[in-house]
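Colleague: Dropping in run.txt, which is compact mmCIF, C-alpha atoms and all ligand atoms:
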# COMPACT_ATOMS: atom_id res chain seq x y z
CA MET H 29 -45.97 52.13 -84.53
CA THR H 30 -49.17 50.59 -83.11
CA GLN H 31 -52.24 52.64 -82.33
CA GLN H 32 -51.53 52.00 -78.68
CA THR H 33 -48.07 53.55 -78.82
CA LEU H 34 -47.68 56.75 -76.84
CA LEU H 35 -44.05 57.53 -77.55
CA ASN H 36 -41.98 56.28 -80.43
CA VAL H 37 -38.26 57.04 -80.53
CA GLU H 38 -36.70 56.28 -83.92
CA GLY H 39 -32.99 56.32 -84.63
CA LEU H 40 -32.23 58.93 -81.97
CA LYS H 41 -28.70 60.33 -82.09
CA THR H 42 -27.57 62.89 -79.53
CA TYR H 43 -23.99 64.01 -79.90
CA PHE H 44 -21.77 66.40 -77.94
CA TYR H 45 -19.16 68.44 -79.78
CA LEU H 46 -16.15 68.78 -77.49
CA ASP H 47 -13.54 71.55 -77.47
CA ASN H 48 -10.84 69.16 -78.65
CA GLN H 49 -12.77 68.54 -81.91
CA LYS H 50 -13.90 65.14 -80.66
CA VAL H 51 -17.54 64.07 -80.89
CA ALA H 52 -19.10 62.22 -77.95
CA LYS H 53 -21.86 59.99 -79.33
CA ALA H 54 -23.79 59.81 -76.06
CA VAL H 55 -26.90 58.37 -77.73
CA ASP H 56 -26.21 56.67 -81.00
CA GLY H 57 -29.17 55.27 -82.92
CA VAL H 58 -31.69 54.38 -80.23
CA ASN H 59 -35.15 53.00 -81.11
CA PHE H 60 -37.97 52.18 -78.71
CA SER H 61 -41.63 52.80 -77.97
CA ILE H 62 -43.80 53.00 -74.87
CA SER H 63 -47.52 52.31 -74.56
CA PRO H 64 -49.94 53.94 -72.10
CA GLY H 65 -49.78 52.34 -68.65
CA GLU H 66 -46.47 50.61 -69.38
CA THR H 67 -43.30 50.92 -67.30
CA LEU H 68 -40.23 50.66 -69.46
CA ALA H 69 -36.92 50.52 -67.62
CA LEU H 70 -33.74 51.83 -69.18
CA VAL H 71 -30.79 50.18 -67.45
CA GLY H 72 -27.04 50.57 -67.63
CA GLU H 73 -24.00 51.94 -65.84
CA SER H 74 -23.20 55.64 -65.65
CA GLY H 75 -22.16 56.90 -69.06
CA SER H 76 -24.25 54.36 -70.98
CA GLY H 77 -26.55 57.08 -72.41
CA LYS H 78 -29.71 56.54 -70.33
CA SER H 79 -30.07 60.05 -68.93
CA ILE H 80 -29.15 61.73 -72.22
CA THR H 81 -31.93 59.68 -73.85
CA SER H 82 -34.45 61.05 -71.36
CA LEU H 83 -33.18 64.62 -71.64
CA SER H 84 -33.43 64.29 -75.43
CA ILE H 85 -37.11 63.32 -75.13
CA MET H 86 -37.69 66.43 -73.01
CA GLN H 87 -35.68 68.52 -75.53
CA LEU H 88 -33.36 69.61 -72.72
CA ILE H 89 -30.10 69.11 -74.59
CA ASN H 90 -28.00 72.25 -74.55
CA LYS H 91 -24.80 73.17 -76.37
CA PRO H 92 -22.32 71.59 -76.96
CA GLY H 93 -24.92 68.82 -77.26
CA LYS H 94 -27.27 68.43 -80.20
CA ILE H 95 -29.87 65.97 -81.41
CA GLU H 96 -28.17 64.95 -84.62
CA GLY H 97 -30.72 62.58 -85.98
CA GLY H 98 -33.89 60.60 -85.46
CA LYS H 99 -37.44 61.29 -84.41
CA ILE H 100 -39.25 61.43 -81.09
CA ILE H 101 -42.91 60.98 -81.95
CA PHE H 102 -45.23 61.79 -79.08
CA GLY H 103 -48.97 62.08 -79.58
CA GLY H 104 -48.42 62.01 -83.35
CA LYS H 105 -45.99 64.95 -83.25
CA ASP H 106 -42.21 64.88 -83.70
CA LEU H 107 -40.72 66.68 -80.68
CA VAL H 108 -37.34 67.11 -82.38
CA GLY H 109 -37.14 70.64 -83.69
CA LEU H 110 -40.13 72.04 -81.77
CA SER H 111 -39.57 75.58 -80.52
CA ASP H 112 -39.00 76.24 -76.81
CA LYS H 113 -42.48 77.73 -76.66
CA GLN H 114 -44.07 74.63 -78.19
CA MET H 115 -42.07 72.34 -75.90
CA ALA H 116 -42.99 74.40 -72.82
CA LYS H 117 -46.63 73.46 -73.45
CA ILE H 118 -45.75 69.75 -73.48
CA ARG H 119 -43.17 69.68 -70.66
CA GLY H 120 -44.81 69.36 -67.28
CA LYS H 121 -48.21 68.79 -68.86
CA ASP H 122 -48.07 65.80 -71.22
CA ILE H 123 -44.58 64.67 -70.24
CA ALA H 124 -43.33 65.18 -66.69
CA MET H 125 -39.98 64.30 -65.20
CA ILE H 126 -38.63 63.56 -61.75
CA PHE H 127 -34.92 63.50 -60.97
CA GLN H 128 -32.60 61.76 -58.55
CA GLU H 129 -32.20 64.87 -56.41
CA PRO H 130 -35.49 66.76 -56.07
CA MET H 131 -33.65 69.90 -54.90
CA THR H 132 -32.40 70.37 -58.47
CA ALA H 133 -35.99 70.71 -59.64
CA LEU H 134 -37.64 72.36 -56.62
CA ASN H 135 -37.11 76.08 -56.23
CA PRO H 136 -35.70 76.75 -52.74
CA VAL H 137 -37.24 80.22 -52.44
CA PHE H 138 -40.87 79.24 -53.08
CA THR H 139 -43.17 77.18 -50.87
CA ILE H 140 -44.21 73.70 -51.95
CA GLY H 141 -47.80 74.97 -52.33
CA ASN H 142 -46.71 77.83 -54.55
CA GLN H 143 -44.72 75.50 -56.82
CA ILE H 144 -47.61 73.06 -57.29
CA VAL H 145 -50.15 75.83 -57.84
CA GLU H 146 -47.91 77.55 -60.40
CA THR H 147 -47.42 74.31 -62.34
CA ILE H 148 -51.15 73.65 -62.39
CA ARG H 149 -51.99 77.19 -63.50
CA ARG H 150 -49.34 77.18 -66.20
CA HIS H 151 -51.14 74.37 -67.95
CA LYS H 152 -54.76 74.44 -66.75
CA LYS H 153 -57.36 77.17 -66.70
CA LEU H 154 -58.06 77.13 -62.96
CA THR H 155 -58.39 80.02 -60.51
CA LYS H 156 -55.79 80.31 -57.77
CA LYS H 157 -58.29 78.95 -55.23
CA GLU H 158 -59.20 75.97 -57.44
CA ALA H 159 -55.51 75.22 -58.02
CA GLU H 160 -54.84 75.38 -54.27
CA ILE H 161 -57.62 72.87 -53.60
CA LYS H 162 -56.15 70.56 -56.23
CA ALA H 163 -52.64 71.00 -54.78
CA ILE H 164 -53.85 69.98 -51.31
CA GLU H 165 -55.60 66.93 -52.80
CA LEU H 166 -52.41 65.96 -54.62
CA LEU H 167 -50.24 66.34 -51.52
CA LYS H 168 -52.64 64.11 -49.57
CA MET H 169 -52.58 61.58 -52.40
CA VAL H 170 -48.79 61.32 -52.31
CA GLY H 171 -48.68 60.88 -48.55
CA PHE H 172 -48.64 64.26 -46.79
CA PRO H 173 -51.15 63.87 -43.92
CA ARG H 174 -50.90 67.59 -42.98
CA ALA H 175 -51.17 68.76 -46.57
CA GLU H 176 -52.52 72.24 -45.71
CA GLU H 177 -49.41 72.93 -43.61
CA THR H 178 -47.06 71.38 -46.17
CA MET H 179 -48.39 73.89 -48.69
CA LYS H 180 -46.72 76.64 -46.64
CA GLU H 181 -43.38 74.85 -46.18
CA TYR H 182 -40.17 75.35 -48.16
CA PRO H 183 -38.26 72.46 -49.77
CA HIS H 184 -35.43 72.60 -47.19
CA GLN H 185 -37.96 71.93 -44.43
CA LEU H 186 -38.75 68.48 -45.87
CA SER H 187 -36.71 65.25 -45.69
CA GLY H 188 -35.27 63.76 -48.91
CA GLY H 189 -38.12 61.25 -49.17
CA MET H 190 -40.79 63.90 -48.57
CA ARG H 191 -39.16 66.20 -51.15
CA GLN H 192 -39.37 63.38 -53.68
CA ARG H 193 -43.08 62.93 -52.77
CA ALA H 194 -43.58 66.67 -53.35
CA MET H 195 -41.84 66.32 -56.75
CA ILE H 196 -44.19 63.47 -57.63
CA ALA H 197 -47.16 65.67 -56.66
CA ILE H 198 -45.88 68.39 -59.01
CA ALA H 199 -45.14 65.85 -61.75
CA ILE H 200 -48.64 64.35 -61.71
CA SER H 201 -50.44 67.66 -61.15
CA CYS H 202 -51.33 68.07 -64.83
CA ASP H 203 -52.16 64.40 -65.49
CA PRO H 204 -49.14 63.64 -67.70
CA LYS H 205 -49.37 60.79 -70.16
CA LEU H 206 -45.69 60.00 -69.71
CA LEU H 207 -43.59 60.29 -66.59
CA ILE H 208 -39.83 60.07 -66.91
CA ALA H 209 -38.24 59.04 -63.60
CA ASP H 210 -34.45 59.38 -63.74
CA GLU H 211 -32.90 57.40 -60.86
CA PRO H 212 -35.78 58.64 -58.66
CA THR H 213 -34.64 56.88 -55.50
CA THR H 214 -30.85 56.65 -55.79
CA ALA H 215 -30.30 59.46 -53.27
CA LEU H 216 -32.70 57.97 -50.69
CA ASP H 217 -32.41 55.42 -47.86
CA VAL H 218 -33.36 51.88 -48.83
CA THR H 219 -36.64 51.82 -46.85
CA ILE H 220 -37.71 55.17 -48.32
CA GLN H 221 -36.72 53.99 -51.82
CA ALA H 222 -39.34 51.22 -51.71
CA GLN H 223 -42.02 53.66 -50.47
CA ILE H 224 -41.33 56.11 -53.30
CA LEU H 225 -41.29 53.39 -55.95
CA ASP H 226 -44.55 51.96 -54.56
CA LEU H 227 -46.06 55.43 -54.72
CA LEU H 228 -44.93 55.88 -58.33
CA ASN H 229 -46.44 52.53 -59.21
CA GLU H 230 -49.72 53.43 -57.50
CA MET H 231 -49.90 56.75 -59.37
CA LYS H 232 -49.06 55.05 -62.66
CA LYS H 233 -52.01 52.68 -62.23
CA LYS H 234 -54.37 55.38 -61.00
CA PHE H 235 -53.70 57.67 -63.98
CA ASN H 236 -52.77 55.02 -66.58
CA MET H 237 -49.47 56.87 -67.13
CA ALA H 238 -46.58 55.39 -69.04
CA VAL H 239 -43.35 55.49 -67.04
CA LEU H 240 -39.83 55.58 -68.43
CA LEU H 241 -37.81 54.45 -65.44
CA ILE H 242 -34.10 55.14 -65.66
CA THR H 243 -32.05 53.15 -63.22
CA HIS H 244 -28.80 51.30 -62.72
CA ASP H 245 -30.52 48.99 -60.21
CA LEU H 246 -31.77 45.67 -61.61
CA GLY H 247 -33.56 44.98 -58.31
CA VAL H 248 -35.79 48.00 -59.02
CA VAL H 249 -36.35 46.75 -62.58
CA ALA H 250 -37.44 43.29 -61.33
CA GLU H 251 -39.96 44.83 -58.97
CA TYR H 252 -41.49 47.65 -60.98
CA ALA H 253 -40.94 47.43 -64.74
CA ASP H 254 -42.86 45.59 -67.47
CA ARG H 255 -40.17 45.79 -70.12
CA VAL H 256 -36.49 46.57 -69.98
CA MET H 257 -33.86 47.91 -72.32
CA VAL H 258 -30.21 47.54 -71.42
CA MET H 259 -28.03 50.37 -72.72
CA TYR H 260 -24.30 50.30 -73.30
CA GLY H 261 -22.11 52.75 -75.16
CA GLY H 262 -25.04 54.92 -76.29
CA GLN H 263 -26.89 51.99 -77.83
CA ILE H 264 -29.47 49.44 -76.77
CA VAL H 265 -27.83 46.04 -76.40
CA GLU H 266 -30.81 44.04 -75.13
CA ASP H 267 -34.55 44.76 -75.22
CA THR H 268 -37.07 42.33 -73.74
CA THR H 269 -39.65 41.68 -71.02
CA VAL H 270 -38.51 41.83 -67.42
CA GLU H 271 -39.34 38.15 -66.92
CA ARG H 272 -37.21 37.09 -69.88
CA LEU H 273 -34.33 39.33 -68.88
CA PHE H 274 -34.07 37.55 -65.55
CA THR H 275 -34.81 34.00 -66.77
CA ASN H 276 -32.98 34.09 -70.12
CA PRO H 277 -30.54 37.01 -70.32
CA LYS H 278 -28.58 36.91 -73.56
CA HIS H 279 -26.13 39.78 -73.91
CA PRO H 280 -22.83 39.26 -72.06
CA TYR H 281 -23.18 42.77 -70.59
CA THR H 282 -26.63 41.93 -69.16
CA ASN H 283 -25.15 38.75 -67.72
CA GLY H 284 -22.41 40.80 -66.08
CA LEU H 285 -24.96 43.17 -64.56
CA LEU H 286 -27.00 40.24 -63.25
CA GLU H 287 -23.94 38.55 -61.76
CA SER H 288 -23.23 41.67 -59.78
CA LEU H 289 -26.67 41.41 -58.09
CA PRO H 290 -26.83 39.75 -54.66
CA SER H 291 -28.95 36.56 -54.66
CA LEU H 292 -30.64 34.68 -51.82
CA GLU H 293 -30.59 31.43 -53.80
CA LYS H 294 -26.92 31.03 -54.59
CA GLU H 295 -24.11 31.38 -52.14
CA VAL H 296 -21.11 33.15 -53.59
CA ASP H 297 -17.90 34.34 -52.01
CA ARG H 298 -18.03 37.67 -53.79
CA LEU H 299 -20.31 39.32 -56.28
CA GLY H 300 -19.24 39.34 -59.88
CA ALA H 301 -18.21 42.68 -61.29
CA ILE H 302 -17.74 43.60 -64.92
CA ARG H 303 -14.07 44.29 -65.44
CA GLY H 304 -13.02 47.60 -66.93
CA MET H 305 -15.06 50.72 -67.56
CA VAL H 306 -17.64 51.97 -70.06
CA PRO H 307 -15.53 53.51 -72.88
CA PRO H 308 -15.85 57.29 -73.22
CA ALA H 309 -18.49 58.29 -75.77
CA TYR H 310 -15.86 60.15 -77.85
CA ASN H 311 -13.72 57.06 -78.18
CA PHE H 312 -15.82 53.97 -78.84
CA PRO H 313 -13.95 51.02 -80.31
CA LYS H 314 -14.53 50.26 -83.98
CA GLY H 315 -16.23 46.92 -83.34
CA CYS H 316 -18.59 45.91 -80.54
CA ARG H 317 -18.50 48.62 -77.91
CA PHE H 318 -18.40 46.00 -75.14
CA ALA H 319 -15.56 43.97 -76.67
CA ASP H 320 -12.81 45.16 -74.30
CA ARG H 321 -14.83 43.96 -71.31
CA CYS H 322 -16.55 40.94 -72.79
CA PRO H 323 -15.50 37.47 -71.58
CA LYS H 324 -16.86 35.98 -74.83
CA ALA H 325 -15.29 38.37 -77.33
CA MET H 326 -14.27 36.81 -80.65
CA ASP H 327 -12.00 38.19 -83.38
CA LYS H 328 -14.92 39.43 -85.48
CA CYS H 329 -16.28 41.40 -82.49
CA ARG H 330 -13.39 43.83 -82.91
CA LEU H 331 -14.00 44.41 -86.60
CA SER H 332 -17.54 45.78 -86.69
CA ASN H 333 -20.34 46.69 -84.33
CA PRO H 334 -23.20 44.14 -84.36
CA GLU H 335 -26.77 45.20 -85.17
CA LEU H 336 -29.63 44.87 -82.67
CA LEU H 337 -31.36 41.70 -83.91
CA LEU H 338 -34.53 39.85 -83.00
CA THR H 339 -33.44 36.54 -81.46
CA GLU H 340 -36.96 35.37 -80.59
CA PRO H 341 -40.31 37.18 -80.45
CA GLY H 342 -40.00 40.15 -78.09
CA HIS H 343 -36.28 39.69 -77.44
CA ASP H 344 -33.72 41.80 -79.30
CA VAL H 345 -29.98 41.45 -78.69
CA ARG H 346 -26.93 43.23 -80.14
CA CYS H 347 -24.28 40.50 -80.11
CA TYR H 348 -22.56 38.24 -82.65
CA LEU H 349 -23.23 35.22 -80.42
CA TYR H 350 -26.88 35.38 -81.56
CA GLU H 351 -26.48 36.07 -85.25
FE1 LIG R 1 -19.11 40.11 -76.59
FE2 LIG R 1 -18.73 39.90 -79.20
FE3 LIG R 1 -21.17 39.83 -78.22
FE4 LIG R 1 -19.77 42.09 -78.22
S1 LIG R 1 -20.49 40.97 -80.01
S2 LIG R 1 -21.00 41.30 -76.58
S3 LIG R 1 -17.74 41.34 -77.81
S4 LIG R 1 -19.56 38.34 -77.88
Could you render the structure from this file as structure tokens?

Modeller:
Amino acid sequence: MTQQTLLNVEGLKTYFYLDNQKVAKAVDGVNFSISPGETLALVGESGSGKSITSLSIMQLINKPGKIEGGKIIFGGKDLVGLSDKQMAKIRGKDIAMIFQEPMTALNPVFTIGNQIVETIRRHKKLTKKEAEIKAIELLKMVGFPRAEETMKEYPHQLSGGMRQRAMIAIAISCDPKLLIADEPTTALDVTIQAQILDLLNEMKKKFNMAVLLITHDLGVVAEYADRVMVMYGGQIVEDTTVERLFTNPKHPYTNGLLESLPSLEKEVDRLGAIRGMVPPAYNFPKGCRFADRCPKAMDKCRLSNPELLLTEPGHDVRCYLYE
């Protein structure tokens, strides 16, 4: 771990114990770190383990789920095993999170102003008046021209894009060091998506925040991330810079994801799609977890799961093709 590292996740395992005695290994030995001011994208299809990774960082895993192993070192402290009270001091203050659907995080019965002021006062010693002034400043910063009036409005009175802006205002209200954005624009129209991502990027630079951006959209990764980790079957299968991922992708799964992206340069009759589905986390194959879908699978791929190996500086891949 370098001095510059803000978050260091080591060997994280988050398992779910199902009624039928099966164990779903949703996150199964994940390692990564994030530095201040860096945007790290976590990419993969639904069920790959991205969101469970972010919920594990926030210590929001409830029964039947459990963090079974590993460390989540943030600011020199291991978050795994902290009490709810200790985590409540970190959540919303040092680490904030925004979700795909802001209505799941906004309380419908309180005004936007009330929700920002409460968040600020939970973590900062400000009077109500001082917190209100800060809330208005924040709303203006995230693009509410009539911020004073927005303070009095309820979430249902705002459009989806404006609700996400309000969520961003709440998320940055206590100057977090790390912002986790879980599919922050998936529920929005394409034009609004770009505005929200631009806003996130602007706030990241302004406050030197680290951003863990969870997305299934490689177009978003290309535009906004510095580094990218591709997840499959609860594990990282490729970890590299964004530039290298697009110029020299190595893992067959990454190639499949890239082939399913539309391109202006090459004319194709139809976009490639990865055949088959992500295997359920309670029933991973014995060997490589991608083997049943991989066009390059070899006999040995079905015998054991490859390790994540450094193939060249700054480029790790989990695949026997690069042993
Ligand atoms: Fe495909 Fe084998 Fe590589 Fe897995 S290890 S991605 S099955 S080539």

Colleague: Which residue out of H:Arg272, H:Lys152, H:His244, H:Arg317 has the minimum interatomic distance to ligand LIG 1 (chain R) when all atoms listed in the file are used?

Modeller: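 For ligand LIG 1 (chain R), the nearest of the given residues is H:Arg317.
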
Colleague: Using 9 Å as the limit and counting all atoms listed in the file, can you tabulate each residue of chain H that touches ligand LIG 1 (chain R), with its shortest atom-to-atom distance in Å and the two atoms involved, as JSON lines?

Modeller:
{"residue": "H:Val265", "atom": "CA", "partner": "R:LIG1", "partner_atom": "S2", "distance": 8.3}
{"residue": "H:His279", "atom": "CA", "partner": "R:LIG1", "partner_atom": "S2", "distance": 6.0}
{"residue": "H:Pro280", "atom": "CA", "partner": "R:LIG1", "partner_atom": "S2", "distance": 5.3}
{"residue": "H:Tyr281", "atom": "CA", "partner": "R:LIG1", "partner_atom": "S2", "distance": 6.5}
{"residue": "H:Gly315", "atom": "CA", "partner": "R:LIG1", "partner_atom": "FE4", "distance": 7.9}
{"residue": "H:Cys316", "atom": "CA", "partner": "R:LIG1", "partner_atom": "FE4", "distance": 4.6}
{"residue": "H:Arg317", "atom": "CA", "partner": "R:LIG1", "partner_atom": "FE4", "distance": 6.7}
{"residue": "H:Phe318", "atom": "CA", "partner": "R:LIG1", "partner_atom": "FE4", "distance": 5.2}
{"residue": "H:Ala319", "atom": "CA", "partner": "R:LIG1", "partner_atom": "S3", "distance": 3.6}
{"residue": "H:Asp320", "atom": "CA", "partner": "R:LIG1", "partner_atom": "S3", "distance": 7.2}
{"residue": "H:Arg321", "atom": "CA", "partner": "R:LIG1", "partner_atom": "S3", "distance": 7.6}
{"residue": "H:Cys322", "atom": "CA", "partner": "R:LIG1", "partner_atom": "FE1", "distance": 4.7}
{"residue": "H:Pro323", "atom": "CA", "partner": "R:LIG1", "partner_atom": "FE1", "distance": 6.7}
{"residue": "H:Lys324", "atom": "CA", "partner": "R:LIG1", "partner_atom": "S4", "distance": 4.7}
{"residue": "H:Ala325", "atom": "CA", "partner": "R:LIG1", "partner_atom": "S3", "distance": 3.9}
{"residue": "H:Met326", "atom": "CA", "partner": "R:LIG1", "partner_atom": "FE2", "distance": 5.6}
{"residue": "H:Asp327", "atom": "CA", "partner": "R:LIG1", "partner_atom": "FE2", "distance": 8.1}
{"residue": "H:Lys328", "atom": "CA", "partner": "R:LIG1", "partner_atom": "FE2", "distance": 7.4}
{"residue": "H:Cys329", "atom": "CA", "partner": "R:LIG1", "partner_atom": "FE2", "distance": 4.4}
{"residue": "H:Arg330", "atom": "CA", "partner": "R:LIG1", "partner_atom": "S3", "distance": 7.2}
{"residue": "H:Ser332", "atom": "CA", "partner": "R:LIG1", "partner_atom": "S1", "distance": 8.7}
{"residue": "H:Asn333", "atom": "CA", "partner": "R:LIG1", "partner_atom": "S1", "distance": 7.2}
{"residue": "H:Pro334", "atom": "CA", "partner": "R:LIG1", "partner_atom": "S1", "distance": 6.0}
{"residue": "H:Val345", "atom": "CA", "partner": "R:LIG1", "partner_atom": "FE3", "distance": 9.0}
{"residue": "H:Arg346", "atom": "CA", "partner": "R:LIG1", "partner_atom": "S1", "distance": 6.8}
{"residue": "H:Cys347", "atom": "CA", "partner": "R:LIG1", "partner_atom": "FE3", "distance": 3.7}
{"residue": "H:Tyr348", "atom": "CA", "partner": "R:LIG1", "partner_atom": "S1", "distance": 4.3}
{"residue": "H:Leu349", "atom": "CA", "partner": "R:LIG1", "partner_atom": "S4", "distance": 5.4}
{"residue": "H:Tyr350", "atom": "CA", "partner": "R:LIG1", "partner_atom": "FE3", "distance": 8.0}

Colleague: My list of candidates is H:His343, H:Lys205, H:Lys314, H:Arg174. Which is closest to Pro64 (chain H) when distances are computed with all atoms listed in the file?

Modeller: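 The shortest atom-to-atom distance to Pro64 (chain H) comes from H:Lys205.
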
Colleague: Using all atoms listed in the file, find each residue in region 250-290 of chain H having at least one atom no more than 12 Å away from region 210-230 of chain H; report its shortest atom-to-atom pair and that distance in Å (one decimal), rows by chain then rising number, as a tab-separated table.

Modeller:
residue	atom	partner	partner_atom	distance
H:Glu251	CA	H:Leu225	CA	9.2
H:Tyr252	CA	H:Asn229	CA	7.2
H:Ala253	CA	H:Asn229	CA	9.3
H:Asp254	CA	H:Asn229	CA	11.4

Colleague: If we count only C-alpha atoms, what is near Met115 (chain H) at a cut-off of 12 Å, once residues fewer than 3 positions away on the same chain are taken out, given as a list of chain:residue names?

Modeller: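 In the requested format, the answer is H:Ser84, H:Ile85, H:Met86, H:Gln87, H:Leu88, H:Phe102, H:Lys105, H:Asp106, H:Leu107, H:Val108, H:Gly109, H:Leu110, H:Ser111, H:Asp112, H:Ile118, H:Arg119, H:Gly120, H:Lys121, H:Asp122, H:Ile123, H:Ala124.
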
Colleague: Keeping C-alpha atoms for every residue in the selection just given, could you write it to a file as an mmCIF file, in the coordinates of the input?

Modeller:
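Final output, saved to again-v5.cif:
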data_model
loop_
_atom_site.group_PDB
_atom_site.id
_atom_site.type_symbol
_atom_site.label_atom_id
_atom_site.label_comp_id
_atom_site.auth_asym_id
_atom_site.auth_seq_id
_atom_site.Cartn_x
_atom_site.Cartn_y
_atom_site.Cartn_z
ATOM 1 C CA SER H 84 -33.430 64.290 -75.430
ATOM 2 C CA ILE H 85 -37.110 63.320 -75.130
ATOM 3 C CA MET H 86 -37.690 66.430 -73.010
ATOM 4 C CA GLN H 87 -35.680 68.520 -75.530
ATOM 5 C CA LEU H 88 -33.360 69.610 -72.720
ATOM 6 C CA PHE H 102 -45.230 61.790 -79.080
ATOM 7 C CA LYS H 105 -45.990 64.950 -83.250
ATOM 8 C CA ASP H 106 -42.210 64.880 -83.700
ATOM 9 C CA LEU H 107 -40.720 66.680 -80.680
ATOM 10 C CA VAL H 108 -37.340 67.110 -82.380
ATOM 11 C CA GLY H 109 -37.140 70.640 -83.690
ATOM 12 C CA LEU H 110 -40.130 72.040 -81.770
ATOM 13 C CA SER H 111 -39.570 75.580 -80.520
ATOM 14 C CA ASP H 112 -39.000 76.240 -76.810
ATOM 15 C CA ILE H 118 -45.750 69.750 -73.480
ATOM 16 C CA ARG H 119 -43.170 69.680 -70.660
ATOM 17 C CA GLY H 120 -44.810 69.360 -67.280
ATOM 18 C CA LYS H 121 -48.210 68.790 -68.860
ATOM 19 C CA ASP H 122 -48.070 65.800 -71.220
ATOM 20 C CA ILE H 123 -44.580 64.670 -70.240
ATOM 21 C CA ALA H 124 -43.330 65.180 -66.690
#

Colleague: Kindly indicate which residue among H:Ala209, H:Val239, H:Ile62, H:Leu338 lies nearest to Asp267 (chain H), using all atoms listed in the file for the distances.

Modeller: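 The closest residue to Asp267 (chain H) is H:Leu338.
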
Colleague: Identify which of the residues H:Gly141, H:Pro341, H:Pro173, H:Pro92 lies closest to Glu160 (chain H), counting all atoms listed in the file when measuring atom-to-atom distances.

Modeller: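 Selected residue with least distance to Glu160 (chain H): H:Gly141.
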
Colleague: I'd like to know which of H:Met195, H:Leu34, H:Ile101, H:Cys202 is closest to Arg149 (chain H), using only C-alpha atoms.

Modeller: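 Among the listed residues, the smallest separation from Arg149 (chain H) belongs to H:Cys202.
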
Colleague: Determine the nearest neighbour of Lys94 (chain H) from the options H:Val51, H:Ala309, H:Leu206, H:Ile200, counting all atoms listed in the file.

Modeller: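 The closest residue to Lys94 (chain H) is H:Val51.
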
Colleague: State, in Å with one decimal place, the distance from CA of Thr81 (chain H) to CA of Thr42 (chain H).

Modeller: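 Result for CA of Thr81 (chain H) versus CA of Thr42 (chain H): 7.8 Å, one decimal.
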
Colleague: Could you state the separation of CA of Val270 (chain H) and CA of Val249 (chain H) in Å, given to one decimal place?

Modeller: 7.2 Å

Colleague: Please indicate the distance in Å from CA of Ala199 (chain H) to CA of Thr147 (chain H), rounded to one decimal place.

Modeller: 8.8 Å

Colleague: Skip Gly57 (chain H) itself and residues of its chain fewer than 6 positions away, then list as an MDAnalysis selection string all residues within 7 Å of it, counting all atoms listed in the file.

Modeller: chainID H and resid 39:41 263

Colleague: Using only C-alpha atoms and a cutoff of 9 Å, can you tell me which residues are near (-46.0, 62.0, -59.9) in the file's coordinates, and write them out as a list of chain:residue names?

Modeller: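 Looking at atoms near the point gives H:Ala124, H:Met125, H:Ile126, H:Val170, H:Arg193, H:Ala194, H:Met195, H:Ile196, H:Ala197, H:Ile198, H:Ala199, H:Ile200, H:Ser201, H:Asp203, H:Pro204, H:Leu207, H:Leu227, H:Leu228, H:Met231, H:Lys232.
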